[in-house]
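**Student:** The structure that follows is given in the form of structure tokens.
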Amino acid sequence: MIDNPRRRRAAGRKRRAVRTGRAAVRAARKRGIVDEFATWIDRRIPYFEVLDTEALELIEHNADTVLEEIGIEFRDFPRARKLWKEAGADVDGERVRFPRGMCRSLVKATAPSEYWQHARNPRRSTIIGGERTVLVPAYGSPFVTDLDRGRRYATLEDFRNFVKLAYMSPGLHHSGGTICEPVDVPVNKRHFDMIYSHIKYTDKPFMGSVTHPERAKDTLAMAKLLFGEDFVPRKTVLTSLINANSPLTFDGTMLGAATAYAENNQATIISPFLLAGAMSPVTVAGTLTQILAEALAGMAYIQLVRPGAPVVFGSFAAVLSMQSGAPTFGTSEPSLVVYGAGQLARRLGVPFRSGGGLSASKVPDAQAAFEAANTLQSAALAGVNFMLHTAGWLEGGLAMGYEKFILDADQANMIAVLLKGVDLSENAQALDAFREVGPGAHFLGAAHTLKNFETAFYRSNVADNNSFEQWQQDGSLDAAQRANGIWKQMLREYEAPKLDPAIDESLVEYIHRRKSEFEDRDY
Amino acid sequence: MAMEHAAILEEEDIVLSELDDGELVEQMHEDLYDGLREEIVEGTCILLERDWGAEKVLNEALVEGMRIVGIDFRDGILFVPEVLLAANAMKGGMEILRPLLSETGVKPIGKMVIGTVKGDIHDIGKNLVGMMLEGAGFEVFDLGINNSVEDYFEALEKHQPDILGMSALLTTTMPYMKVVVDEMVSQGIRDDYIVLVGGAPLNEEFGRAVGADGYCRDAAQAADVAPAMVRTRRLGKIVNA
Ligand code: B1M
């Protein structure tokens, strides 16, 4: 819980006698009830599970059938096929077929069930896996949008802004990766600026570049400058996103980046990325089968590259509108998929990535809010360990919304409260409160209430619960307009976490040197 | 929907060759709607046997039928898999008509080479565009994903299309479209083709910036724009000549 000056001074004294002063109370109250230095959410409620053992075994059996009979293509990356051949798989051109159970045993034998991802500020280091949830901003949008300027291509300034906003959002435990694409920087050099921003403007853990194996290597080099040459191969400081090129394919770009990270003991999220109807069958069971088959093959490959390298079972599953071909979000079938995929990942004993505040809406409206609320809740209940796309996502990932980010970050805080479950301590049982108040009175002035009220209920920073008249007097603002004020104020108040000037200099020098080694290229 | 319809047809046991011309054309519109490739091939042959010109079959039976399909797709009544079947049925008819059309010197509706640019493996949208254009009577040569300048040039050379279509879904790959267009300019072949671009991270302005002739926000729009552009260009050529 927060470091509340009033609570500290009140310890052992009668509360009413405490002097705290306006400034301290104002500061403490503004912070809300989320621990500023929480690095993950400890889950204390059961998982929401939709498949019984028989169903799970059926899906696992079918996934093995797909792996054995149809196989997976490992394209444009001969090394993968070589490793598979040596491991005893049936390699036919780019197609690899796996004896039943092979991928599962490879993963079970050496993939860690959880791992530390270190941050430059040790207080921010986090654990991915187990009964924990780490919330991460959205990823990959070419556009940004806000109420003042509308939709536009993202720039490096937008990228930095979102890194700062994530840094200042206590419910987000991670800085993410390509939060938005800085389209104003040449394609072959923007990864330097993105990684540098994740190092400079935040001290939370972050993700590496995957769009080219060379860019993965640059990320690793910068991580080594930051954490130390000997620290990096020993410890994991990066978790990076490797999408399968579904259906049943991994491509050379992704395999190249994944291999570079795995060789250096850095974590990869192997994510089957399915828009059911186009990239997977239209059924929940078929989609789950494909997710398991692809994730197994990808994670097992990583274990061949470096046994013990951390891998995350990823799943991004949405459905394609059969009417238009457009991706849709926040409907019920993908919720069933995320619940089922969580179960499959737990049976394998590896961390699970999915979820986020997904929506197809273009603006932070009712559709954006209800779709995101649905997907965030399902992911939280499903037991997602690494929740990518928690905040900001609009237009199916085409736009990062400033206001949407604030609305989602509020939801993220709430997830933490939900997952903590029911407190059954003596204080929480509240028998003293009943004794004090008795029948027919109210609890507002009770000692138990006074002791607990500040942290008892989650307080949203965007919801307006005032009277109509009060709301009108405050300018009749809707949630998006209120969020607009919040992100601007956050950026005004932002202060960068300290970074060792020698390290900073070495990073700037490295970027400068590397950037001058090759021409700007826009592809 | 297509299935239900097929069942009804079977019950009625329609024999295409027994229909008069007007009825047959109407039935072909229905069969395109239901994506019945064999029936469309049969209907096309019957009309040709009845001495219809290829161009008349094309316009009155096929293009008109697909126009109706297009409207119902736009209105959300027909779904993507059904349009795919309809386009495939259209393709069946076109395969018969195409040689006849060229024999008689009738210009085909259009030819298009389409592919996703280098470094990019997104192809769902591109496939939809190809499908819709086939539905509109185009001959479409799909180069798949990850295409370099050389791949595009080779296909242009080989197929001599009216349109070069490029698709990109990544901000990191969409600038490659400019690389292709610039190369076309420097080889002096830019004006030989219409260049159409599309993909979710693009917009109108970007399309202009890379030097394309058009940007399409979705497949339905591409199917509207492409034939119109081909027609305009042919007219322009005649006027300029
Ligand atoms: C020639 O004339 C024309 C005319 C019109 C044309 C046209 C050409 N081409 C398209 N159109 C238009 O008509 C079509 C039909 O109406 C429309 O096509 P669309 O393609 O827009 O629409 C389709 C019908 C449905 N839409 C789609 O199919 C794309 C959906 C999203 C979610 C998407 C998907 C599905 C995928 N992805 Co990717 N993916 C995203 C996309 C986000 C989004 N919402 O668009 C985007 C584009 N991806 C992104 C990323 C980051 C990536 N993806 C990657 C991989 C994949 C999958 C393989 C998993 C999968 C593609 C599978 C496939 N076979 O295509 C990776 C890149 C791989 C590579 N080397 O290319 C990877 C780098 C992720 C990773 N870390 O692994 C983001 C782009 C970031 C950027 N730099 O710009 C992204 C916005 C999602 C995100 N937020 O992360 C129109 O645009």
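In the structure tokens, chains take the letters A, B, ... in the order shown, each chain's residues start at 1, and ligands count up from 1 in the order shown.
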May I ask you to extract the residues of chain A within 7 Å of chain B, using only C-alpha atoms, and to give them as a ChimeraX atom specification?
**Tutor:** /A:142,183,187,322-325,398,522-523
**Student:** Do you know which residues are at most 9 Å from range 189-191 of chain A counting only C-alpha atoms, after dropping those on the same chain fewer than 3 positions away, and could you put them as a list in words?
**Tutor:** Leu156, Thr178, Glu181, Pro182, Val183, Asp184, Val185, Pro186, Met194, Ile195, Tyr196, Gly208, Ser209, Thr211, Arg215, Ala216, Asp218, Thr219, Arg514, Lys515, Asp520 and Arg521 of chain A
**Student:** Using DSSP on the backbone, list every residue of range 317-384 of chain A that comes out as strand (DSSP E), and give them as a PDB file with N, CA, C and O atoms, in the first residue's frame.
**Tutor:**
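Dumped to part.pdb:
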ATOM      1  N   ALA A 317      -5.821 -13.816 -29.880  1.00  0.00           N
ATOM      2  CA  ALA A 317      -6.874 -14.407 -30.702  1.00  0.00           C
ATOM      3  C   ALA A 317      -8.067 -13.473 -30.751  1.00  0.00           C
ATOM      4  O   ALA A 317      -8.641 -13.129 -29.726  1.00  0.00           O
ATOM      5  N   ALA A 318      -8.377 -13.031 -31.949  1.00  0.00           N
ATOM      6  CA  ALA A 318      -9.579 -12.226 -32.150  1.00  0.00           C
ATOM      7  C   ALA A 318     -10.324 -12.874 -33.303  1.00  0.00           C
ATOM      8  O   ALA A 318      -9.878 -13.902 -33.821  1.00  0.00           O
ATOM      9  N   VAL A 319     -11.422 -12.325 -33.694  1.00  0.00           N
ATOM     10  CA  VAL A 319     -12.115 -12.928 -34.828  1.00  0.00           C
ATOM     11  C   VAL A 319     -12.258 -11.917 -35.954  1.00  0.00           C
ATOM     12  O   VAL A 319     -12.331 -10.710 -35.734  1.00  0.00           O
ATOM     13  N   LEU A 320     -12.287 -12.442 -37.156  1.00  0.00           N
ATOM     14  CA  LEU A 320     -12.435 -11.609 -38.341  1.00  0.00           C
ATOM     15  C   LEU A 320     -13.929 -11.523 -38.648  1.00  0.00           C
ATOM     16  O   LEU A 320     -14.611 -12.536 -38.665  1.00  0.00           O
ATOM     17  N   PRO A 327     -10.929  -7.114 -38.465  1.00  0.00           N
ATOM     18  CA  PRO A 327     -10.765  -7.718 -37.143  1.00  0.00           C
ATOM     19  C   PRO A 327     -11.766  -7.104 -36.146  1.00  0.00           C
ATOM     20  O   PRO A 327     -12.038  -5.909 -36.216  1.00  0.00           O
ATOM     21  N   THR A 328     -12.311  -7.937 -35.254  1.00  0.00           N
ATOM     22  CA  THR A 328     -13.244  -7.428 -34.237  1.00  0.00           C
ATOM     23  C   THR A 328     -12.739  -7.818 -32.857  1.00  0.00           C
ATOM     24  O   THR A 328     -11.976  -8.774 -32.715  1.00  0.00           O
ATOM     25  N   PHE A 352       2.193 -17.228 -19.386  1.00  0.00           N
ATOM     26  CA  PHE A 352       1.168 -17.062 -20.418  1.00  0.00           C
ATOM     27  C   PHE A 352       0.972 -15.587 -20.738  1.00  0.00           C
ATOM     28  O   PHE A 352       0.816 -14.759 -19.845  1.00  0.00           O
ATOM     29  N   ARG A 353       1.022 -15.267 -22.014  1.00  0.00           N
ATOM     30  CA  ARG A 353       0.743 -13.887 -22.460  1.00  0.00           C
ATOM     31  C   ARG A 353      -0.549 -13.855 -23.270  1.00  0.00           C
ATOM     32  O   ARG A 353      -0.756 -14.660 -24.158  1.00  0.00           O
TER      33      ARG A 353
END
**Student:** Residues near Leu143 in chain B, anyone? I mean within 12 Å using only C-alpha atoms, not counting same-chain ones fewer than 5 positions away, as a PyMOL selection string.
**Tutor:** chain B and resi 112-118+121+123+126-127+130+148-156+159+164-167
**Student:** Closest to Gly396 in chain A among A:Ser359, A:Asn484, A:Gln303, A:Gln377, using only C-alpha atoms?
**Tutor:**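 Selected residue with least distance to Gly396 in chain A: A:Ser359.
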**Student:** Pick out the closest residue to ligand 1 from this set: B:Asp192, B:Glu42, B:Asp142, B:Glu55. Count only C-alpha atoms and all ligand atoms.
**Tutor:**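 Residue with the minimum atom-to-atom distance to ligand 1: B:Asp142.
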**Student:** Could you pull out the alpha helix (DSSP H) residues of range 228-303 of chain A, going by DSSP on the backbone, and write them as a PyMOL selection string?
**Tutor:** chain A and resi 231-234+252-263+284-303
**Student:** Find the residues near Asn385 in chain A: any atom within 7 Å, counting only C-alpha atoms, skip ones fewer than 3 places away on the same chain, and give them as a ChimeraX atom specification.
**Tutor:** /A:128-129,132-134,351-353
**Student:** Using only N, CA and C atoms, please write the residues we just selected to a file, as a tab-separated table (two decimals), in the first residue's frame.
**Tutor:**
chain	number	residue	atom	x	y	z
A	128	ILE	N	7.89	-12.76	-14.33
A	128	ILE	CA	6.86	-13.16	-15.29
A	128	ILE	C	6.56	-14.64	-15.05
A	129	GLY	N	5.31	-14.92	-14.74
A	129	GLY	CA	4.91	-16.31	-14.55
A	129	GLY	C	4.35	-16.55	-13.15
A	132	ARG	N	1.11	-14.58	-10.94
A	132	ARG	CA	1.33	-13.14	-11.00
A	132	ARG	C	0.82	-12.60	-12.33
A	133	THR	N	0.46	-11.32	-12.31
A	133	THR	CA	0.08	-10.67	-13.56
A	133	THR	C	0.87	-9.38	-13.70
A	134	VAL	N	1.48	-9.20	-14.85
A	134	VAL	CA	2.24	-7.99	-15.16
A	134	VAL	C	1.50	-7.27	-16.29
A	351	PRO	N	4.92	-19.45	-18.47
A	351	PRO	CA	4.13	-18.21	-18.35
A	351	PRO	C	3.24	-18.01	-19.57
A	352	PHE	N	2.19	-17.23	-19.39
A	352	PHE	CA	1.17	-17.06	-20.42
A	352	PHE	C	0.97	-15.59	-20.74
A	353	ARG	N	1.02	-15.27	-22.01
A	353	ARG	CA	0.74	-13.89	-22.46
A	353	ARG	C	-0.55	-13.86	-23.27
**Student:** Nearest residue to Phe405 in chain A out of A:Gly298, A:Gly445, A:Pro170, A:Pro137, using only C-alpha atoms?
**Tutor:**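 Closest candidate: A:Pro137.
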**Student:** Give me the residues of chain A that have any atom at most 8 Å from an atom of ligand 1; for each, the nearest atom pair and the distance in Å, rounded to one decimal. Use only C-alpha atoms and all ligand atoms, sort by chain and number, and format it as JSON lines.
**Tutor:**
{"residue": "A:Ala138", "atom": "CA", "partner": "ligand 1", "partner_atom_place_in_ligand_line": "88 (N)", "distance": 7.4}
{"residue": "A:Tyr139", "atom": "CA", "partner": "ligand 1", "partner_atom_place_in_ligand_line": "88 (N)", "distance": 5.3}
{"residue": "A:Gly140", "atom": "CA", "partner": "ligand 1", "partner_atom_place_in_ligand_line": "89 (O)", "distance": 3.5}
{"residue": "A:Ser141", "atom": "CA", "partner": "ligand 1", "partner_atom_place_in_ligand_line": "88 (N)", "distance": 4.3}
{"residue": "A:Pro142", "atom": "CA", "partner": "ligand 1", "partner_atom_place_in_ligand_line": "83 (O)", "distance": 4.7}
{"residue": "A:Thr178", "atom": "CA", "partner": "ligand 1", "partner_atom_place_in_ligand_line": "51 (C)", "distance": 7.7}
{"residue": "A:Cys180", "atom": "CA", "partner": "ligand 1", "partner_atom_place_in_ligand_line": "80 (C)", "distance": 7.6}
{"residue": "A:Glu181", "atom": "CA", "partner": "ligand 1", "partner_atom_place_in_ligand_line": "82 (N)", "distance": 5.7}
{"residue": "A:Val210", "atom": "CA", "partner": "ligand 1", "partner_atom_place_in_ligand_line": "76 (N)", "distance": 5.9}
{"residue": "A:Thr211", "atom": "CA", "partner": "ligand 1", "partner_atom_place_in_ligand_line": "73 (C)", "distance": 5.7}
{"residue": "A:Ser240", "atom": "CA", "partner": "ligand 1", "partner_atom_place_in_ligand_line": "76 (N)", "distance": 7.8}
{"residue": "A:Leu241", "atom": "CA", "partner": "ligand 1", "partner_atom_place_in_ligand_line": "76 (N)", "distance": 4.9}
{"residue": "A:Ile242", "atom": "CA", "partner": "ligand 1", "partner_atom_place_in_ligand_line": "77 (O)", "distance": 4.6}
{"residue": "A:Asn243", "atom": "CA", "partner": "ligand 1", "partner_atom_place_in_ligand_line": "77 (O)", "distance": 3.7}
{"residue": "A:Ala244", "atom": "CA", "partner": "ligand 1", "partner_atom_place_in_ligand_line": "59 (C)", "distance": 5.7}
{"residue": "A:Asn245", "atom": "CA", "partner": "ligand 1", "partner_atom_place_in_ligand_line": "58 (C)", "distance": 3.6}
{"residue": "A:Ser246", "atom": "CA", "partner": "ligand 1", "partner_atom_place_in_ligand_line": "58 (C)", "distance": 5.6}
{"residue": "A:Pro247", "atom": "CA", "partner": "ligand 1", "partner_atom_place_in_ligand_line": "64 (N)", "distance": 7.5}
{"residue": "A:Asp251", "atom": "CA", "partner": "ligand 1", "partner_atom_place_in_ligand_line": "70 (N)", "distance": 7.3}
{"residue": "A:Thr253", "atom": "CA", "partner": "ligand 1", "partner_atom_place_in_ligand_line": "70 (N)", "distance": 6.0}
{"residue": "A:Met254", "atom": "CA", "partner": "ligand 1", "partner_atom_place_in_ligand_line": "77 (O)", "distance": 6.4}
{"residue": "A:Ser271", "atom": "CA", "partner": "ligand 1", "partner_atom_place_in_ligand_line": "77 (O)", "distance": 7.9}
{"residue": "A:Pro272", "atom": "CA", "partner": "ligand 1", "partner_atom_place_in_ligand_line": "59 (C)", "distance": 6.8}
{"residue": "A:Phe273", "atom": "CA", "partner": "ligand 1", "partner_atom_place_in_ligand_line": "59 (C)", "distance": 4.4}
{"residue": "A:Leu274", "atom": "CA", "partner": "ligand 1", "partner_atom_place_in_ligand_line": "59 (C)", "distance": 6.6}
{"residue": "A:Leu275", "atom": "CA", "partner": "ligand 1", "partner_atom_place_in_ligand_line": "35 (C)", "distance": 6.1}
{"residue": "A:Ala278", "atom": "CA", "partner": "ligand 1", "partner_atom_place_in_ligand_line": "64 (N)", "distance": 7.9}
{"residue": "A:Met279", "atom": "CA", "partner": "ligand 1", "partner_atom_place_in_ligand_line": "64 (N)", "distance": 6.6}
{"residue": "A:Leu320", "atom": "CA", "partner": "ligand 1", "partner_atom_place_in_ligand_line": "25 (C)", "distance": 7.2}
{"residue": "A:Ser324", "atom": "CA", "partner": "ligand 1", "partner_atom_place_in_ligand_line": "16 (O)", "distance": 7.0}
{"residue": "A:Gly325", "atom": "CA", "partner": "ligand 1", "partner_atom_place_in_ligand_line": "24 (C)", "distance": 4.6}
{"residue": "A:Ala326", "atom": "CA", "partner": "ligand 1", "partner_atom_place_in_ligand_line": "25 (C)", "distance": 4.9}
{"residue": "A:Pro327", "atom": "CA", "partner": "ligand 1", "partner_atom_place_in_ligand_line": "25 (C)", "distance": 5.7}
{"residue": "A:Ala360", "atom": "CA", "partner": "ligand 1", "partner_atom_place_in_ligand_line": "44 (N)", "distance": 7.8}
{"residue": "A:Trp393", "atom": "CA", "partner": "ligand 1", "partner_atom_place_in_ligand_line": "88 (N)", "distance": 7.7}
{"residue": "A:Glu395", "atom": "CA", "partner": "ligand 1", "partner_atom_place_in_ligand_line": "44 (N)", "distance": 6.1}
{"residue": "A:Gly396", "atom": "CA", "partner": "ligand 1", "partner_atom_place_in_ligand_line": "44 (N)", "distance": 4.0}
{"residue": "A:Gly397", "atom": "CA", "partner": "ligand 1", "partner_atom_place_in_ligand_line": "88 (N)", "distance": 3.6}
{"residue": "A:Leu398", "atom": "CA", "partner": "ligand 1", "partner_atom_place_in_ligand_line": "85 (C)", "distance": 4.5}
{"residue": "A:Ala399", "atom": "CA", "partner": "ligand 1", "partner_atom_place_in_ligand_line": "88 (N)", "distance": 7.5}
**Student:** Could you please take those selected residues and save C-alpha atoms as a PDB file, in the first residue's frame?
**Tutor:**
ATOM      1  CA  ALA A 138      -0.241  -1.570 -26.025  1.00  0.00           C
ATOM      2  CA  TYR A 139       2.154  -2.378 -28.863  1.00  0.00           C
ATOM      3  CA  GLY A 140       2.702  -1.648 -32.528  1.00  0.00           C
ATOM      4  CA  SER A 141       0.367   1.146 -33.654  1.00  0.00           C
ATOM      5  CA  PRO A 142       1.373   3.231 -36.670  1.00  0.00           C
ATOM      6  CA  THR A 178       6.959  -0.624 -29.817  1.00  0.00           C
ATOM      7  CA  CYS A 180       3.734   3.230 -31.269  1.00  0.00           C
ATOM      8  CA  GLU A 181       5.843   3.403 -34.431  1.00  0.00           C
ATOM      9  CA  VAL A 210      12.154  -7.884 -33.376  1.00  0.00           C
ATOM     10  CA  THR A 211      11.712  -6.515 -36.884  1.00  0.00           C
ATOM     11  CA  SER A 240      10.352  -9.650 -26.740  1.00  0.00           C
ATOM     12  CA  LEU A 241       7.388 -10.425 -28.939  1.00  0.00           C
ATOM     13  CA  ILE A 242       7.749 -13.147 -31.566  1.00  0.00           C
ATOM     14  CA  ASN A 243       4.580 -13.632 -33.603  1.00  0.00           C
ATOM     15  CA  ALA A 244       3.912 -16.816 -35.470  1.00  0.00           C
ATOM     16  CA  ASN A 245       3.003 -16.160 -39.059  1.00  0.00           C
ATOM     17  CA  SER A 246      -0.168 -18.145 -38.593  1.00  0.00           C
ATOM     18  CA  PRO A 247      -1.384 -20.539 -39.762  1.00  0.00           C
ATOM     19  CA  ASP A 251       9.192 -16.716 -40.759  1.00  0.00           C
ATOM     20  CA  THR A 253      12.580 -12.406 -39.546  1.00  0.00           C
ATOM     21  CA  MET A 254      10.911 -13.591 -36.389  1.00  0.00           C
ATOM     22  CA  SER A 271       2.581 -15.734 -29.970  1.00  0.00           C
ATOM     23  CA  PRO A 272       0.259 -17.460 -32.334  1.00  0.00           C
ATOM     24  CA  PHE A 273      -1.662 -14.442 -33.581  1.00  0.00           C
ATOM     25  CA  LEU A 274      -4.994 -15.522 -34.900  1.00  0.00           C
ATOM     26  CA  LEU A 275      -7.869 -13.763 -36.493  1.00  0.00           C
ATOM     27  CA  ALA A 278      -8.824 -16.174 -41.742  1.00  0.00           C
ATOM     28  CA  MET A 279      -5.824 -17.428 -39.828  1.00  0.00           C
ATOM     29  CA  LEU A 320     -12.435 -11.609 -38.341  1.00  0.00           C
ATOM     30  CA  SER A 324     -16.299  -7.397 -44.021  1.00  0.00           C
ATOM     31  CA  GLY A 325     -13.013  -9.117 -43.205  1.00  0.00           C
ATOM     32  CA  ALA A 326     -12.225  -6.599 -40.495  1.00  0.00           C
ATOM     33  CA  PRO A 327     -10.765  -7.718 -37.143  1.00  0.00           C
ATOM     34  CA  ALA A 360     -11.879  -1.841 -32.900  1.00  0.00           C
ATOM     35  CA  TRP A 393      -5.142   0.261 -28.023  1.00  0.00           C
ATOM     36  CA  GLU A 395      -8.699   0.494 -34.121  1.00  0.00           C
ATOM     37  CA  GLY A 396      -7.534  -3.081 -33.744  1.00  0.00           C
ATOM     38  CA  GLY A 397      -4.021  -1.901 -32.973  1.00  0.00           C
ATOM     39  CA  LEU A 398      -3.751   0.689 -35.692  1.00  0.00           C
ATOM     40  CA  ALA A 399      -3.940   3.655 -33.345  1.00  0.00           C
TER      41      ALA A 399
END
**Student:** With only C-alpha atoms as the counted atoms, please give the residues lying no more than 12 Å from Lys85 in chain A, apart from itself and same-chain residues fewer than 5 positions off, as a PyMOL selection string.
**Tutor:** chain A and resi 78-80+90-99+301+304
**Student:** Go ahead and dump the residues you just picked, N, CA, C and O atoms, as a PDB file, in the first residue's frame.
**Tutor:**
ATOM      1  N   PRO A  78      17.357 -21.656 -42.345  1.00  0.00           N
ATOM      2  CA  PRO A  78      17.867 -23.027 -42.386  1.00  0.00           C
ATOM      3  C   PRO A  78      18.301 -23.555 -41.021  1.00  0.00           C
ATOM      4  O   PRO A  78      18.159 -24.729 -40.729  1.00  0.00           O
ATOM      5  N   ARG A  79      18.801 -22.640 -40.179  1.00  0.00           N
ATOM      6  CA  ARG A  79      19.306 -23.104 -38.888  1.00  0.00           C
ATOM      7  C   ARG A  79      18.228 -23.819 -38.063  1.00  0.00           C
ATOM      8  O   ARG A  79      18.499 -24.812 -37.390  1.00  0.00           O
ATOM      9  N   ALA A  80      17.009 -23.320 -38.159  1.00  0.00           N
ATOM     10  CA  ALA A  80      15.925 -23.937 -37.381  1.00  0.00           C
ATOM     11  C   ALA A  80      15.704 -25.363 -37.871  1.00  0.00           C
ATOM     12  O   ALA A  80      15.547 -26.296 -37.082  1.00  0.00           O
ATOM     13  N   ASP A  90      10.880 -34.740 -38.235  1.00  0.00           N
ATOM     14  CA  ASP A  90      10.877 -35.103 -39.651  1.00  0.00           C
ATOM     15  C   ASP A  90      10.885 -33.810 -40.465  1.00  0.00           C
ATOM     16  O   ASP A  90       9.909 -33.070 -40.478  1.00  0.00           O
ATOM     17  N   VAL A  91      12.033 -33.513 -41.097  1.00  0.00           N
ATOM     18  CA  VAL A  91      12.178 -32.248 -41.809  1.00  0.00           C
ATOM     19  C   VAL A  91      12.069 -32.484 -43.312  1.00  0.00           C
ATOM     20  O   VAL A  91      12.876 -33.215 -43.892  1.00  0.00           O
ATOM     21  N   ASP A  92      11.058 -31.858 -43.899  1.00  0.00           N
ATOM     22  CA  ASP A  92      10.807 -32.058 -45.321  1.00  0.00           C
ATOM     23  C   ASP A  92      10.763 -30.680 -45.962  1.00  0.00           C
ATOM     24  O   ASP A  92       9.749 -29.992 -45.890  1.00  0.00           O
ATOM     25  N   GLY A  93      11.886 -30.242 -46.555  1.00  0.00           N
ATOM     26  CA  GLY A  93      11.960 -28.871 -47.051  1.00  0.00           C
ATOM     27  C   GLY A  93      11.835 -27.908 -45.874  1.00  0.00           C
ATOM     28  O   GLY A  93      12.561 -28.024 -44.887  1.00  0.00           O
ATOM     29  N   GLU A  94      10.879 -26.994 -45.961  1.00  0.00           N
ATOM     30  CA  GLU A  94      10.693 -26.042 -44.855  1.00  0.00           C
ATOM     31  C   GLU A  94       9.700 -26.585 -43.820  1.00  0.00           C
ATOM     32  O   GLU A  94       9.494 -26.000 -42.775  1.00  0.00           O
ATOM     33  N   ARG A  95       9.065 -27.692 -44.167  1.00  0.00           N
ATOM     34  CA  ARG A  95       8.037 -28.256 -43.283  1.00  0.00           C
ATOM     35  C   ARG A  95       8.674 -29.171 -42.246  1.00  0.00           C
ATOM     36  O   ARG A  95       9.484 -30.021 -42.581  1.00  0.00           O
ATOM     37  N   VAL A  96       8.292 -28.967 -40.998  1.00  0.00           N
ATOM     38  CA  VAL A  96       8.806 -29.833 -39.940  1.00  0.00           C
ATOM     39  C   VAL A  96       7.633 -30.543 -39.288  1.00  0.00           C
ATOM     40  O   VAL A  96       6.643 -29.907 -38.904  1.00  0.00           O
ATOM     41  N   ARG A  97       7.713 -31.866 -39.208  1.00  0.00           N
ATOM     42  CA  ARG A  97       6.677 -32.647 -38.519  1.00  0.00           C
ATOM     43  C   ARG A  97       7.288 -33.278 -37.281  1.00  0.00           C
ATOM     44  O   ARG A  97       8.439 -33.705 -37.301  1.00  0.00           O
ATOM     45  N   PHE A  98       6.491 -33.303 -36.220  1.00  0.00           N
ATOM     46  CA  PHE A  98       7.041 -33.664 -34.917  1.00  0.00           C
ATOM     47  C   PHE A  98       6.393 -34.947 -34.398  1.00  0.00           C
ATOM     48  O   PHE A  98       5.164 -35.047 -34.376  1.00  0.00           O
ATOM     49  N   PRO A  99       7.209 -35.888 -33.959  1.00  0.00           N
ATOM     50  CA  PRO A  99       6.610 -37.055 -33.316  1.00  0.00           C
ATOM     51  C   PRO A  99       5.731 -36.590 -32.143  1.00  0.00           C
ATOM     52  O   PRO A  99       6.045 -35.591 -31.499  1.00  0.00           O
ATOM     53  N   TYR A 301      11.405 -24.869 -30.150  1.00  0.00           N
ATOM     54  CA  TYR A 301      12.554 -24.422 -30.943  1.00  0.00           C
ATOM     55  C   TYR A 301      13.512 -23.593 -30.079  1.00  0.00           C
ATOM     56  O   TYR A 301      14.735 -23.787 -30.120  1.00  0.00           O
ATOM     57  N   LEU A 304      15.639 -25.628 -28.088  1.00  0.00           N
ATOM     58  CA  LEU A 304      16.743 -26.244 -28.839  1.00  0.00           C
ATOM     59  C   LEU A 304      17.893 -25.258 -28.995  1.00  0.00           C
ATOM     60  O   LEU A 304      19.062 -25.632 -28.943  1.00  0.00           O
TER      61      LEU A 304
END
**Student:** So which residues touch Lys164 in chain A within 12 Å, counting only C-alpha atoms, skipping near sequence neighbours fewer than 4 positions away, as a ChimeraX atom specification?
**Tutor:** /A:137,157-160,168-170,172,174-176,179,197-204,402,405,487-497
**Student:** Neighbours of Ala222 in chain B within 12 Å (only C-alpha atoms; same-chain residues fewer than 4 positions away dropped), as a PyMOL selection string?
**Tutor:** chain B and resi 70+112+114+125-126+128-136+138+163+165-167+195-199+214-218+226-230
